[in-house]
file protein_23.pdb (PDB, C-alpha atoms)
ATOM      1  CA  PHE M   1      58.130   2.437 109.217
ATOM      2  CA  LYS M   2      60.034   5.683 109.214
ATOM      3  CA  SER M   3      58.557   6.911 105.935
ATOM      4  CA  LYS M   4      56.168   6.119 103.134
ATOM      5  CA  ASP M   5      59.180   5.041 101.043
ATOM      6  CA  ASP M   6      60.174   2.512 103.730
ATOM      7  CA  LEU M   7      56.672   1.072 103.649
ATOM      8  CA  VAL M   8      56.589   0.895  99.830
ATOM      9  CA  ARG M   9      60.047  -0.684  99.583
ATOM     10  CA  THR M  10      59.169  -3.298 102.192
ATOM     11  CA  ALA M  11      55.771  -4.076 100.661
ATOM     12  CA  VAL M  12      57.146  -4.467  97.138
ATOM     13  CA  ALA M  13      60.098  -6.566  98.301
ATOM     14  CA  GLU M  14      57.806  -8.873 100.290
ATOM     15  CA  THR M  15      55.224  -9.171  97.511
ATOM     16  CA  ASP M  16      57.931  -9.876  94.928
ATOM     17  CA  ALA M  17      59.582 -12.494  97.163
ATOM     18  CA  ARG M  18      56.245 -14.284  97.631
ATOM     19  CA  PHE M  19      55.602 -14.236  93.886
ATOM     20  CA  ARG M  20      59.065 -15.660  93.165
ATOM     21  CA  MET M  21      58.457 -18.454  95.708
ATOM     22  CA  ARG M  22      55.144 -19.233  94.023
ATOM     23  CA  VAL M  23      56.804 -19.359  90.613
ATOM     24  CA  ARG M  24      59.666 -21.488  91.944
ATOM     25  CA  LYS M  25      57.163 -24.011  93.377
ATOM     26  CA  ALA M  26      55.214 -24.135  90.103
ATOM     27  CA  VAL M  27      58.435 -24.624  88.156
ATOM     28  CA  GLN M  28      59.507 -27.487  90.436
ATOM     29  CA  ASP M  29      56.142 -29.168  89.898
ATOM     30  CA  ALA M  30      56.212 -28.793  86.095
ATOM     31  CA  ASP M  31      57.386 -31.645  83.866
ATOM     32  CA  GLY M  32      60.052 -30.754  81.339
ATOM     33  CA  HIS M  33      62.041 -27.607  80.761
ATOM     34  CA  THR M  34      59.706 -26.159  78.151
ATOM     35  CA  GLN M  35      56.775 -26.573  80.533
ATOM     36  CA  LYS M  36      58.776 -24.930  83.326
ATOM     37  CA  LEU M  37      59.288 -21.791  81.211
ATOM     38  CA  ALA M  38      55.647 -21.939  80.088
ATOM     39  CA  ARG M  39      54.558 -21.956  83.756
ATOM     40  CA  VAL M  40      56.682 -18.850  84.363
ATOM     41  CA  VAL M  41      54.855 -17.145  81.490
ATOM     42  CA  GLU M  42      51.434 -18.259  82.729
ATOM     43  CA  LEU M  43      52.111 -16.979  86.232
ATOM     44  CA  CYS M  44      53.475 -13.684  84.938
ATOM     45  CA  PHE M  45      50.410 -13.247  82.716
ATOM     46  CA  PRO M  46      47.535 -14.918  84.568
ATOM     47  CA  LEU M  47      44.038 -15.007  83.148
ATOM     48  CA  ASP M  48      42.735 -13.912  86.566
ATOM     49  CA  ASP M  49      44.244 -10.590  87.680
ATOM     50  CA  ASP M  50      44.230 -11.711  91.304
ATOM     51  CA  GLU M  51      46.648 -14.572  90.627
ATOM     52  CA  GLY M  52      49.653 -12.755  89.211
ATOM     53  CA  THR M  53      52.082 -10.047  89.942
ATOM     54  CA  ASN M  54      50.848  -6.471  89.977
ATOM     55  CA  TRP M  55      52.719  -5.046  86.992
ATOM     56  CA  ALA M  56      51.494  -1.505  87.643
ATOM     57  CA  VAL M  57      53.077  -1.549  91.099
ATOM     58  CA  LEU M  58      56.275  -3.096  89.726
ATOM     59  CA  MET M  59      56.526  -0.440  87.020
ATOM     60  CA  ASP M  60      56.245   2.271  89.632
ATOM     61  CA  PHE M  61      58.894   0.440  91.629
ATOM     62  CA  TRP M  62      61.188   0.150  88.567
ATOM     63  CA  TYR M  63      60.795   3.879  88.017
ATOM     64  CA  GLN M  64      61.935   4.541  91.594
ATOM     65  CA  ALA M  65      64.770   2.013  91.235
ATOM     66  CA  SER M  66      66.034   3.910  88.214
ATOM     67  CA  ARG M  67      66.416   7.015  90.384
ATOM     68  CA  GLN M  68      67.043   5.915  93.977
ATOM     69  CA  GLU M  69      69.726   3.552  95.235
ATOM     70  CA  SER M  70      67.551   2.228  98.087
ATOM     71  CA  TYR M  71      64.970   0.988  95.577
ATOM     72  CA  ARG M  72      67.649  -0.252  93.180
ATOM     73  CA  ALA M  73      69.203  -2.458  95.869
ATOM     74  CA  ILE M  74      65.851  -4.169  96.468
ATOM     75  CA  PHE M  75      65.320  -4.575  92.725
ATOM     76  CA  GLU M  76      68.772  -6.068  92.193
ATOM     77  CA  LYS M  77      68.326  -8.583  94.999
ATOM     78  CA  GLY M  78      64.998  -9.848  93.715
ATOM     79  CA  HIS M  79      65.997  -9.682  90.073
ATOM     80  CA  SER M  80      69.192 -11.643  90.725
ATOM     81  CA  ASP M  81      67.110 -14.437  92.232
ATOM     82  CA  TRP M  82      64.696 -14.285  89.275
ATOM     83  CA  ILE M  83      67.510 -14.416  86.703
ATOM     84  CA  GLU M  84      69.153 -17.321  88.536
ATOM     85  CA  MET M  85      65.915 -19.317  88.461
ATOM     86  CA  VAL M  86      65.503 -18.732  84.705
ATOM     87  CA  ARG M  87      69.213 -19.388  84.118
ATOM     88  CA  GLN M  88      68.944 -22.757  85.873
ATOM     89  CA  ILE M  89      65.929 -23.830  83.791
ATOM     90  CA  LEU M  90      67.768 -22.845  80.610
ATOM     91  CA  ALA M  91      71.000 -24.543  81.724
ATOM     92  CA  ASP M  92      69.204 -27.782  82.568
ATOM     93  CA  GLY M  93      67.272 -27.668  79.308
ATOM     94  CA  ALA M  94      70.416 -27.025  77.264
ATOM     95  CA  ALA M  95      72.289 -29.829  79.058
ATOM     96  CA  GLU M  96      69.494 -32.263  78.220
ATOM     97  CA  GLY M  97      69.244 -31.076  74.617
ATOM     98  CA  THR M  98      65.859 -29.368  74.919
ATOM     99  CA  PHE M  99      67.123 -25.835  74.310
ATOM    100  CA  ARG M 100      69.578 -24.517  71.751
ATOM    101  CA  LEU M 101      71.089 -21.392  73.248
ATOM    102  CA  THR M 102      72.770 -18.903  70.939
ATOM    103  CA  ALA M 103      74.158 -16.567  73.595
ATOM    104  CA  PRO M 104      75.907 -17.016  76.940
ATOM    105  CA  LEU M 105      73.568 -18.554  79.490
ATOM    106  CA  ARG M 106      73.221 -15.432  81.627
ATOM    107  CA  ASP M 107      72.433 -13.352  78.524
ATOM    108  CA  GLU M 108      69.744 -15.859  77.523
ATOM    109  CA  ALA M 109      68.222 -15.589  81.015
ATOM    110  CA  PHE M 110      68.252 -11.785  80.828
ATOM    111  CA  GLY M 111      66.730 -12.007  77.361
ATOM    112  CA  PHE M 112      63.859 -14.153  78.618
ATOM    113  CA  ALA M 113      63.288 -11.797  81.554
ATOM    114  CA  ALA M 114      63.354  -8.816  79.186
ATOM    115  CA  VAL M 115      60.688 -10.429  76.998
ATOM    116  CA  ILE M 116      58.469 -10.911  80.061
ATOM    117  CA  ASP M 117      59.106  -7.407  81.393
ATOM    118  CA  GLY M 118      58.635  -5.778  77.996
ATOM    119  CA  LEU M 119      55.382  -7.591  77.386
ATOM    120  CA  ALA M 120      54.216  -6.619  80.871
ATOM    121  CA  LEU M 121      54.853  -2.985  80.002
ATOM    122  CA  TYR M 122      52.900  -3.329  76.772
ATOM    123  CA  THR M 123      49.959  -4.942  78.589
ATOM    124  CA  ARG M 124      49.790  -1.821  80.760
ATOM    125  CA  VAL M 125      50.243   0.922  78.152
ATOM    126  CA  THR M 126      48.749  -0.378  74.899
ATOM    127  CA  SER M 127      45.442  -1.794  73.813
ATOM    128  CA  TYR M 128      47.126  -4.240  71.428
ATOM    129  CA  VAL M 129      48.928  -6.465  73.913
ATOM    130  CA  ASP M 130      46.564  -8.137  76.336
ATOM    131  CA  VAL M 131      47.349 -11.093  78.593
ATOM    132  CA  LEU M 132      46.607 -13.690  75.914
ATOM    133  CA  THR M 133      48.770 -11.883  73.367
ATOM    134  CA  ALA M 134      51.600 -11.572  75.907
ATOM    135  CA  ARG M 135      51.360 -15.287  76.669
ATOM    136  CA  ARG M 136      51.439 -16.180  72.975
ATOM    137  CA  ILE M 137      54.440 -13.977  72.219
ATOM    138  CA  ALA M 138      56.388 -15.210  75.258
ATOM    139  CA  LYS M 139      55.649 -18.833  74.400
ATOM    140  CA  GLU M 140      56.793 -18.201  70.815
ATOM    141  CA  HIS M 141      60.064 -16.992  72.344
ATOM    142  CA  ILE M 142      60.297 -20.305  74.214
ATOM    143  CA  ASP M 143      59.598 -22.167  70.961
ATOM    144  CA  GLY M 144      62.566 -20.340  69.432
ATOM    145  CA  LEU M 145      64.816 -21.756  72.146
ATOM    146  CA  LEU M 146      63.907 -25.345  71.350
ATOM    147  CA  THR M 147      66.453 -27.540  69.645
ATOM    148  CA  GLY M 148      65.499 -27.379  65.999
ATOM    149  CA  GLY M 149      63.472 -24.219  66.611
ATOM    150  CA  GLU M 150      63.996 -21.179  64.442
ATOM    151  CA  PRO M 151      64.657 -18.024  66.462
ATOM    152  CA  GLY M 152      62.244 -15.299  65.537
ATOM    153  CA  ARG M 153      59.850 -17.507  63.602
ATOM    154  CA  ALA M 154      56.207 -16.633  63.934
ATOM    155  CA  ARG M 155      53.421 -19.144  64.207
ATOM    156  CA  SER M 156      50.370 -18.529  62.075
TER     157      SER M 156
END
call {"tool": "encode", "arguments": {"input": "protein_23.pdb", "output": "C-alpha cells"}}
result
Amino acid sequence: FKSKDDLVRTAVAETDARFRMRVRKAVQDADGHTQKLARVVELCFPLDDDEGTNWAVLMDFWYQASRQESYRAIFEKGHSDWIEMVRQILADGAAEGTFRLTAPLRDEAFGFAAVIDGLALYTRVTSYVDVLTARRIAKEHIDGLLTGGEPGRARS
C-alpha cells in the first residue's frame, strides 16, 4: 500500500463486501420477506459483537467519505449494492402483497437503510439505544411496512 489511507480504504471495502455477502446469504436462506428484513436487522445489530459489522469503523469511514472523493467512491459502490439488496426485498414483498409501500421503491430502500444507519449511530453515541433497542425499533419499522400495518405505530 502506498499510504495509510490506501490500507484503510482497502480494509473497509473488503470488510464491508464480506459483510454484505454474509447478509445476502442469510437473506436468501430466510423464509418470507418480513423475515428477510428481520435477518438484515439481526445481522446489523448482533447480540455478539464479533458477529456484526464494526459500526465505529464505518462511522470513521463515513466521516472520511464526507470529505474525500476516494473514500466516497468506495462508499457509493458498497452502498449501491446494499440499497439494491434492500430494494429487491421490498419489491418482492410489495409484489406479493406483504408490504405496503408509501414512497417510491428506491426511497423506501433508502429509508430502511437510514433507519439502520441512524440506529447504529445512536448505539455508538448514546446510552439509551443499545443493540436490543435498535433491533426493536428497526423491527417496528418493518412492521409499519406490512400490509395493514400503521406507519409510525408503536408497540407497547
call {"tool": "closest_residue", "arguments": {"input": "protein_23.pdb", "among": "M:Gln88, M:Ser3, M:Ser80, M:Asn54", "to": "M:Thr15", "atoms": "only C-alpha atoms"}}
result
M:Asn54
call {"tool": "residues_around", "arguments": {"input": "protein_23.pdb", "residues": "M:Leu145", "least_positions_apart": "4", "cutoff": "12 Å", "atoms": "all atoms listed in the file", "output": "list in words"}}
result
His33, Thr34, Leu37, Ile89, Leu90, Ala91, Gly93, Ala94, Gly97, Thr98, Phe99, Arg100, Leu101, Thr102, Ala103, Leu105, Glu108, Ala109, Gly111, Phe112, Ala138, Lys139, Glu140, His141, Gly149, Glu150, Pro151, Gly152 and Arg153 of chain M
call {"tool": "closest_residue", "arguments": {"input": "protein_23.pdb", "among": "M:Leu43, M:Leu7, M:Leu121, M:Ala13", "to": "M:Phe75", "atoms": "all atoms listed in the file"}}
result
M:Ala13
call {"tool": "closest_residue", "arguments": {"input": "protein_23.pdb", "among": "M:Ala120, M:Val27, M:Glu84, M:Ser127", "to": "M:Asp107", "atoms": "only C-alpha atoms"}}
result
M:Glu84
call {"tool": "atom_distance", "arguments": {"input": "protein_23.pdb", "atom1": "atom CA of M:Ile74", "atom2": "atom CA of M:Gln35"}}
result
29.0 Å
call {"tool": "atom_distance", "arguments": {"input": "protein_23.pdb", "atom1": "atom CA of M:Val129", "atom2": "atom CA of M:Arg24"}}
result
25.8 Å
call {"tool": "atom_distance", "arguments": {"input": "protein_23.pdb", "atom1": "atom CA of M:Arg9", "atom2": "atom CA of M:Asp117"}}
result
19.4 Å
call {"tool": "residues_around", "arguments": {"input": "protein_23.pdb", "residues": "M:Leu58", "least_positions_apart": "5", "cutoff": "9 Å", "atoms": "only C-alpha atoms", "output": "list in words"}}
result
Val12, Asp16, Thr53 and Tyr63 of chain M
call {"tool": "closest_residue", "arguments": {"input": "protein_23.pdb", "among": "M:Ala113, M:Leu47, M:Ala73, M:Ala38", "to": "M:Arg87", "atoms": "only C-alpha atoms"}}
result
M:Ala113
call {"tool": "closest_residue", "arguments": {"input": "protein_23.pdb", "among": "M:Glu42, M:Asp92, M:Asp5, M:Arg20", "to": "M:Gln68", "atoms": "all atoms listed in the file"}}
result
M:Asp5
call {"tool": "closest_residue", "arguments": {"input": "protein_23.pdb", "among": "M:Met85, M:Val8, M:Ile142, M:Val131", "to": "M:Met21", "atoms": "only C-alpha atoms"}}
result
M:Met85
call {"tool": "axis_aligned_box", "arguments": {"input": "protein_23.pdb", "around": "stretch 92-109 of chain M", "padding_each_side": "5 Å", "output": "AutoDock Vina command-line options"}}
result
--center_x 70.9 --center_y -22.8 --center_z 76.8 --size_x 20.0 --size_y 28.9 --size_z 21.6
call {"tool": "decode", "arguments": {"input": "protein_23.pdb", "residues": "stretch 74-86 of chain M", "atoms": "N, CA, C and O atoms", "output": "CSV table (one decimal), in the first residue's frame"}}
result
chain,number,residue,atom,x,y,z
M,74,ILE,N,-15.7,4.5,-2.7
M,74,ILE,CA,-15.8,3.2,-2.1
M,74,ILE,C,-17.2,3.1,-1.4
M,74,ILE,O,-17.9,2.1,-1.5
M,75,PHE,N,-17.6,4.1,-0.7
M,75,PHE,CA,-18.9,4.1,0.0
M,75,PHE,C,-20.0,3.9,-1.0
M,75,PHE,O,-20.9,3.1,-0.8
M,76,GLU,N,-20.0,4.7,-2.1
M,76,GLU,CA,-21.1,4.7,-3.0
M,76,GLU,C,-21.2,3.3,-3.7
M,76,GLU,O,-22.3,2.8,-3.9
M,77,LYS,N,-20.1,2.7,-4.0
M,77,LYS,CA,-20.1,1.3,-4.6
M,77,LYS,C,-20.8,0.3,-3.6
M,77,LYS,O,-21.7,-0.4,-4.0
M,78,GLY,N,-20.3,0.3,-2.4
M,78,GLY,CA,-20.9,-0.6,-1.4
M,78,GLY,C,-22.3,-0.3,-1.1
M,78,GLY,O,-23.2,-1.2,-1.0
M,79,HIS,N,-22.6,1.0,-0.9
M,79,HIS,CA,-23.9,1.4,-0.5
M,79,HIS,C,-24.9,1.1,-1.7
M,79,HIS,O,-26.1,0.7,-1.4
M,80,SER,N,-24.5,1.3,-2.9
M,80,SER,CA,-25.4,1.0,-4.0
M,80,SER,C,-25.8,-0.5,-4.0
M,80,SER,O,-27.0,-0.8,-4.2
M,81,ASP,N,-24.9,-1.4,-3.7
M,81,ASP,CA,-25.2,-2.8,-3.6
M,81,ASP,C,-26.1,-3.1,-2.4
M,81,ASP,O,-27.1,-3.8,-2.6
M,82,TRP,N,-25.9,-2.4,-1.3
M,82,TRP,CA,-26.7,-2.6,-0.1
M,82,TRP,C,-28.1,-2.1,-0.4
M,82,TRP,O,-29.1,-2.8,-0.1
M,83,ILE,N,-28.3,-0.9,-1.0
M,83,ILE,CA,-29.6,-0.4,-1.3
M,83,ILE,C,-30.3,-1.3,-2.3
M,83,ILE,O,-31.5,-1.6,-2.2
M,84,GLU,N,-29.6,-1.8,-3.3
M,84,GLU,CA,-30.2,-2.7,-4.3
M,84,GLU,C,-30.7,-4.0,-3.6
M,84,GLU,O,-31.8,-4.5,-3.9
M,85,MET,N,-30.0,-4.6,-2.7
M,85,MET,CA,-30.5,-5.7,-2.0
M,85,MET,C,-31.8,-5.4,-1.2
M,85,MET,O,-32.7,-6.2,-1.3
M,86,VAL,N,-31.8,-4.3,-0.5
M,86,VAL,CA,-33.0,-4.0,0.3
M,86,VAL,C,-34.1,-3.7,-0.7
M,86,VAL,O,-35.3,-4.1,-0.4
